[in-house]
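Shown below: upload01.pdb, with PDB, C-alpha atoms, pLDDT in the B column.
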```
ATOM      1  CA  MET A   1     -36.340  39.249 -72.474  1.00 56.00           C
ATOM      2  CA  ASP A   2     -33.620  38.501 -75.006  1.00 56.00           C
ATOM      3  CA  LYS A   3     -35.277  36.189 -77.552  1.00 61.00           C
ATOM      4  CA  VAL A   4     -31.916  34.645 -78.470  1.00 65.00           C
ATOM      5  CA  ASN A   5     -31.386  33.273 -74.951  1.00 91.00           C
ATOM      6  CA  GLU A   6     -34.919  32.028 -74.389  1.00 93.00           C
ATOM      7  CA  VAL A   7     -36.452  28.641 -75.039  1.00 93.00           C
ATOM      8  CA  ARG A   8     -39.967  27.409 -75.605  1.00 92.00           C
ATOM      9  CA  LEU A   9     -40.935  25.968 -72.242  1.00 92.00           C
ATOM     10  CA  CYS A  10     -44.188  24.383 -73.403  1.00 90.00           C
ATOM     11  CA  GLU A  11     -47.342  24.701 -75.448  1.00 89.00           C
ATOM     12  CA  VAL A  12     -50.743  25.331 -73.902  1.00 89.00           C
ATOM     13  CA  SER A  13     -54.255  25.001 -75.281  1.00 84.00           C
ATOM     14  CA  ASN A  14     -55.473  28.585 -75.106  1.00 82.00           C
ATOM     15  CA  GLU A  15     -54.771  32.167 -74.114  1.00 82.00           C
ATOM     16  CA  VAL A  16     -56.128  31.688 -70.580  1.00 83.00           C
ATOM     17  CA  GLU A  17     -53.740  28.807 -69.897  1.00 86.00           C
ATOM     18  CA  ALA A  18     -50.888  30.834 -71.364  1.00 88.00           C
ATOM     19  CA  ALA A  19     -51.659  33.727 -69.011  1.00 89.00           C
ATOM     20  CA  MET A  20     -51.880  31.364 -66.037  1.00 91.00           C
ATOM     21  CA  VAL A  21     -48.500  29.756 -66.766  1.00 93.00           C
ATOM     22  CA  VAL A  22     -46.805  33.103 -67.420  1.00 95.00           C
ATOM     23  CA  ASN A  23     -48.215  34.621 -64.219  1.00 95.00           C
ATOM     24  CA  LEU A  24     -47.256  31.619 -62.066  1.00 95.00           C
ATOM     25  CA  LEU A  25     -43.696  31.772 -63.362  1.00 96.00           C
ATOM     26  CA  ARG A  26     -43.426  35.539 -62.977  1.00 97.00           C
ATOM     27  CA  GLU A  27     -44.609  35.267 -59.356  1.00 96.00           C
ATOM     28  CA  ASP A  28     -41.573  33.044 -58.774  1.00 96.00           C
ATOM     29  CA  GLY A  29     -39.216  35.511 -60.440  1.00 96.00           C
ATOM     30  CA  ILE A  30     -38.974  33.867 -63.854  1.00 97.00           C
ATOM     31  CA  PRO A  31     -39.480  36.369 -66.685  1.00 96.00           C
ATOM     32  CA  ALA A  32     -41.856  34.354 -68.855  1.00 96.00           C
ATOM     33  CA  ARG A  33     -43.826  35.419 -71.911  1.00 95.00           C
ATOM     34  CA  SER A  34     -46.243  33.803 -74.330  1.00 92.00           C
ATOM     35  CA  ASP A  35     -47.113  34.299 -77.962  1.00 88.00           C
ATOM     36  CA  ALA A  36     -50.808  34.687 -77.043  1.00 76.00           C
ATOM     37  CA  ASN A  37     -52.224  37.898 -78.412  1.00 64.00           C
ATOM     38  CA  GLN A  38     -54.946  39.973 -76.743  1.00 57.00           C
ATOM     39  CA  ALA A  39     -56.526  40.367 -80.189  1.00 52.00           C
ATOM     40  CA  MET A  40     -57.523  36.695 -79.989  1.00 50.00           C
ATOM     41  CA  ASN A  41     -60.362  37.760 -77.664  1.00 52.00           C
ATOM     42  CA  ILE A  42     -62.131  39.327 -80.631  1.00 53.00           C
ATOM     43  CA  PHE A  43     -62.601  35.845 -82.047  1.00 54.00           C
ATOM     44  CA  GLY A  44     -63.522  34.220 -78.727  1.00 55.00           C
ATOM     45  CA  GLY A  45     -60.093  32.853 -77.840  1.00 51.00           C
ATOM     46  CA  ALA A  46     -58.277  30.000 -79.501  1.00 48.00           C
ATOM     47  CA  LEU A  47     -59.948  28.776 -82.664  1.00 52.00           C
ATOM     48  CA  PRO A  48     -60.191  25.030 -83.290  1.00 44.00           C
ATOM     49  CA  PHE A  49     -57.555  25.102 -86.049  1.00 41.00           C
ATOM     50  CA  GLU A  50     -54.955  26.953 -83.995  1.00 56.00           C
ATOM     51  CA  PRO A  51     -52.087  24.843 -82.631  1.00 54.00           C
ATOM     52  CA  GLY A  52     -52.204  26.528 -79.214  1.00 77.00           C
ATOM     53  CA  HIS A  53     -49.882  29.035 -77.648  1.00 87.00           C
ATOM     54  CA  ARG A  54     -46.255  28.772 -76.632  1.00 91.00           C
ATOM     55  CA  VAL A  55     -44.673  29.930 -73.379  1.00 93.00           C
ATOM     56  CA  PHE A  56     -41.042  31.101 -73.387  1.00 95.00           C
ATOM     57  CA  VAL A  57     -38.528  31.497 -70.540  1.00 96.00           C
ATOM     58  CA  PRO A  58     -34.808  32.296 -70.332  1.00 95.00           C
ATOM     59  CA  ARG A  59     -32.773  29.193 -71.177  1.00 93.00           C
ATOM     60  CA  SER A  60     -30.970  29.415 -67.812  1.00 93.00           C
ATOM     61  CA  MET A  61     -34.298  29.243 -65.936  1.00 94.00           C
ATOM     62  CA  ALA A  62     -36.035  26.491 -67.921  1.00 93.00           C
ATOM     63  CA  ARG A  63     -35.320  23.737 -65.399  1.00 92.00           C
ATOM     64  CA  ARG A  64     -36.664  25.841 -62.510  1.00 94.00           C
ATOM     65  CA  ALA A  65     -39.746  26.795 -64.555  1.00 94.00           C
ATOM     66  CA  ARG A  66     -40.533  23.118 -65.191  1.00 91.00           C
ATOM     67  CA  GLU A  67     -40.118  22.400 -61.497  1.00 91.00           C
ATOM     68  CA  ILE A  68     -42.546  25.184 -60.565  1.00 93.00           C
ATOM     69  CA  LEU A  69     -45.196  23.953 -62.995  1.00 91.00           C
ATOM     70  CA  SER A  70     -44.799  20.364 -61.771  1.00 89.00           C
ATOM     71  CA  HIS A  71     -46.422  21.424 -58.475  1.00 90.00           C
ATOM     72  CA  TYR A  72     -49.700  22.181 -60.271  1.00 87.00           C
ATOM     73  CA  PRO A  73     -51.680  19.095 -61.390  1.00 86.00           C
ATOM     74  CA  HIS A  74     -53.339  21.012 -64.237  1.00 83.00           C
ATOM     75  CA  PHE A  75     -49.951  21.643 -65.857  1.00 80.00           C
ATOM     76  CA  LYS A  76     -48.542  18.099 -65.649  1.00 74.00           C
ATOM     77  CA  ASN A  77     -49.666  17.215 -69.190  1.00 74.00           C
ATOM     78  CA  LEU A  78     -48.406  20.217 -71.151  1.00 76.00           C
ATOM     79  CA  ARG A  79     -47.403  19.651 -74.771  1.00 73.00           C
ATOM     80  CA  ASN A  80     -43.919  19.965 -76.243  1.00 74.00           C
ATOM     81  CA  VAL A  81     -42.235  20.632 -72.916  1.00 74.00           C
ATOM     82  CA  HIS A  82     -38.622  21.767 -73.135  1.00 70.00           C
ATOM     83  CA  GLU A  83     -36.084  19.220 -71.921  1.00 71.00           C
ATOM     84  CA  PRO A  84     -33.195  21.161 -70.316  1.00 61.00           C
ATOM     85  CA  GLU A  85     -29.711  20.027 -71.249  1.00 63.00           C
TER      86      GLU A  85
END
```
What does this structure look like when you write it as C-alpha coordinates?
Amino acid sequence: MDKVNEVRLCEVSNEVEAAMVVNLLREDGIPARSDANQAMNIFGGALPFEPGHRVFVPRSMARRAREILSHYPHFKNLRNVHEPE
(Lines of atoms letter the chains of each structure in order from A and count residues from 1; the text may use other names and numbers.)
(Lines give C-alpha, C1' and ligand atoms only; values in the text may rest on other atoms or scores of the structure.)
Protein backbone atom coordinates (compact mmCIF):
# COMPACT_ATOMS: atom_id res chain seq x y z
CA MET A 1 0.00 0.00 0.00
CA ASP A 2 1.27 3.46 -0.89
CA LYS A 3 1.77 5.20 2.47
CA VAL A 4 1.27 8.62 0.87
CA ASN A 5 -2.31 7.81 -0.16
CA GLU A 6 -3.35 6.10 3.06
CA VAL A 7 -4.99 7.50 6.16
CA ARG A 8 -5.17 6.41 9.76
CA LEU A 9 -8.60 4.82 10.02
CA CYS A 10 -8.58 4.42 13.80
CA GLU A 11 -6.65 3.46 16.89
CA VAL A 12 -7.21 0.20 18.74
CA SER A 13 -6.19 -0.96 22.19
CA ASN A 14 -3.91 -3.88 21.36
CA GLU A 15 -2.36 -6.08 18.71
CA VAL A 16 -5.26 -8.55 18.75
CA GLU A 17 -7.80 -5.82 18.00
CA ALA A 18 -5.52 -4.47 15.27
CA ALA A 19 -5.36 -7.91 13.63
CA MET A 20 -9.14 -8.30 13.88
CA VAL A 21 -9.83 -4.93 12.23
CA VAL A 22 -7.25 -5.50 9.49
CA ASN A 23 -8.59 -8.98 8.73
CA LEU A 24 -12.23 -7.84 8.64
CA LEU A 25 -11.35 -5.07 6.20
CA ARG A 26 -9.20 -7.31 4.02
CA GLU A 27 -12.04 -9.85 3.78
CA ASP A 28 -14.10 -7.05 2.23
CA GLY A 29 -11.36 -6.15 -0.24
CA ILE A 30 -9.88 -3.18 1.60
CA PRO A 31 -6.08 -3.39 1.81
CA ALA A 32 -5.62 -2.46 5.46
CA ARG A 33 -2.51 -2.59 7.62
CA SER A 34 -1.60 -1.78 11.20
CA ASP A 35 1.51 -0.60 12.96
CA ALA A 36 1.28 -3.55 15.39
CA ASN A 37 4.49 -5.52 15.45
CA GLN A 38 4.74 -9.28 16.01
CA ALA A 39 7.68 -8.57 18.32
CA MET A 40 5.19 -7.15 20.83
CA ASN A 41 4.29 -10.75 21.73
CA ILE A 42 7.65 -11.10 23.45
CA PHE A 43 6.47 -8.58 26.03
CA GLY A 44 2.95 -10.01 26.35
CA GLY A 45 1.20 -7.64 23.96
CA ALA A 46 0.49 -3.98 24.50
CA LEU A 47 2.17 -2.54 27.56
CA PRO A 48 0.20 -0.17 29.80
CA PHE A 49 2.19 2.89 28.66
CA GLU A 50 1.70 2.25 24.95
CA PRO A 51 -0.87 4.46 23.20
CA GLY A 52 -2.34 1.54 21.24
CA HIS A 53 -2.01 0.62 17.61
CA ARG A 54 -3.16 2.40 14.48
CA VAL A 55 -4.94 0.90 11.48
CA PHE A 56 -4.37 2.40 8.03
CA VAL A 57 -6.40 2.13 4.80
CA PRO A 58 -6.25 3.79 1.38
CA ARG A 59 -7.75 7.28 1.57
CA SER A 60 -10.25 6.39 -1.19
CA MET A 61 -11.59 3.46 0.87
CA ALA A 62 -11.79 5.10 4.30
CA ARG A 63 -15.54 5.75 4.16
CA ARG A 64 -16.27 2.14 3.16
CA ALA A 65 -13.93 0.85 5.90
CA ARG A 66 -15.81 2.86 8.53
CA GLU A 67 -19.09 1.50 7.22
CA ILE A 68 -17.83 -2.09 7.47
CA LEU A 69 -16.66 -1.64 11.05
CA SER A 70 -19.95 0.02 12.03
CA HIS A 71 -21.65 -3.38 11.62
CA TYR A 72 -19.62 -4.81 14.52
CA PRO A 73 -20.68 -3.60 17.99
CA HIS A 74 -17.19 -4.15 19.41
CA PHE A 75 -15.74 -1.59 16.99
CA LYS A 76 -18.29 1.21 17.51
CA ASN A 77 -16.14 2.98 20.11
CA LEU A 78 -12.76 3.07 18.36
CA ARG A 79 -10.46 5.99 19.14
CA ASN A 80 -9.34 8.71 16.75
CA VAL A 81 -11.51 7.51 13.88
CA HIS A 82 -10.80 9.15 10.53
CA GLU A 83 -13.52 11.49 9.31
CA PRO A 84 -13.63 11.22 5.49
CA GLU A 85 -13.86 14.49 3.60
- prompt: Residues picked by the PyMOL selection byres ((chain A and resi 55) around 9) here, as a count of residues only?
  reply: 18
- request: Considering only C-alpha atoms, state which residue in the set A:Asn5, A:Ser70, A:Ser60, A:Asn77 is at the smallest distance from Leu24 (chain A).
  value: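 Residue with the minimum atom-to-atom distance to Leu24 (chain A): A:Ser70.
Restricting the calculation to all atoms listed in the file, the smallest distance between Arg26 (chain A) and any of A:Leu78, A:Pro73, A:Arg64, A:Glu83 is found for A:Arg64.
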message: Here is a test: counting only C-alpha atoms, which residue of A:Val81, A:Leu69, A:Met61, A:Ser13 is nearest to Gly29 (chain A)?
response: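 Smallest distance to Gly29 (chain A) is found for A:Met61.
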- request: One decimal, Å: what's the distance from CA of Asp28 (chain A) over to CA of Gly52 (chain A), could you say?
  value: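 These two atoms are separated by 23.9 Å.
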statement: One decimal place gives the CA of Glu27 (chain A)-CA of Asn80 (chain A) separation as 22.8 Å
task: Between CA of Phe75 (chain A) and CA of Leu25 (chain A), measure the distance and give it in Å to one decimal.
output: 12.2 Å
Once 8 Å is added on each side, what are the centre and the three edge lengths, in Å to one decimal, of the axis-aligned box enclosing the listed atoms of region 61-79 of chain A? Present them as JSON.
```
{"center_x": -43.8, "center_y": 23.2, "center_z": -66.6, "size_x": 35.0, "size_y": 28.0, "size_z": 32.3}
```
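Taking all atoms listed in the file into account, Pro31 (chain A) lies nearest to A:Pro58 out of the set A:His74, A:Asn14, A:Ala19, A:Pro58.
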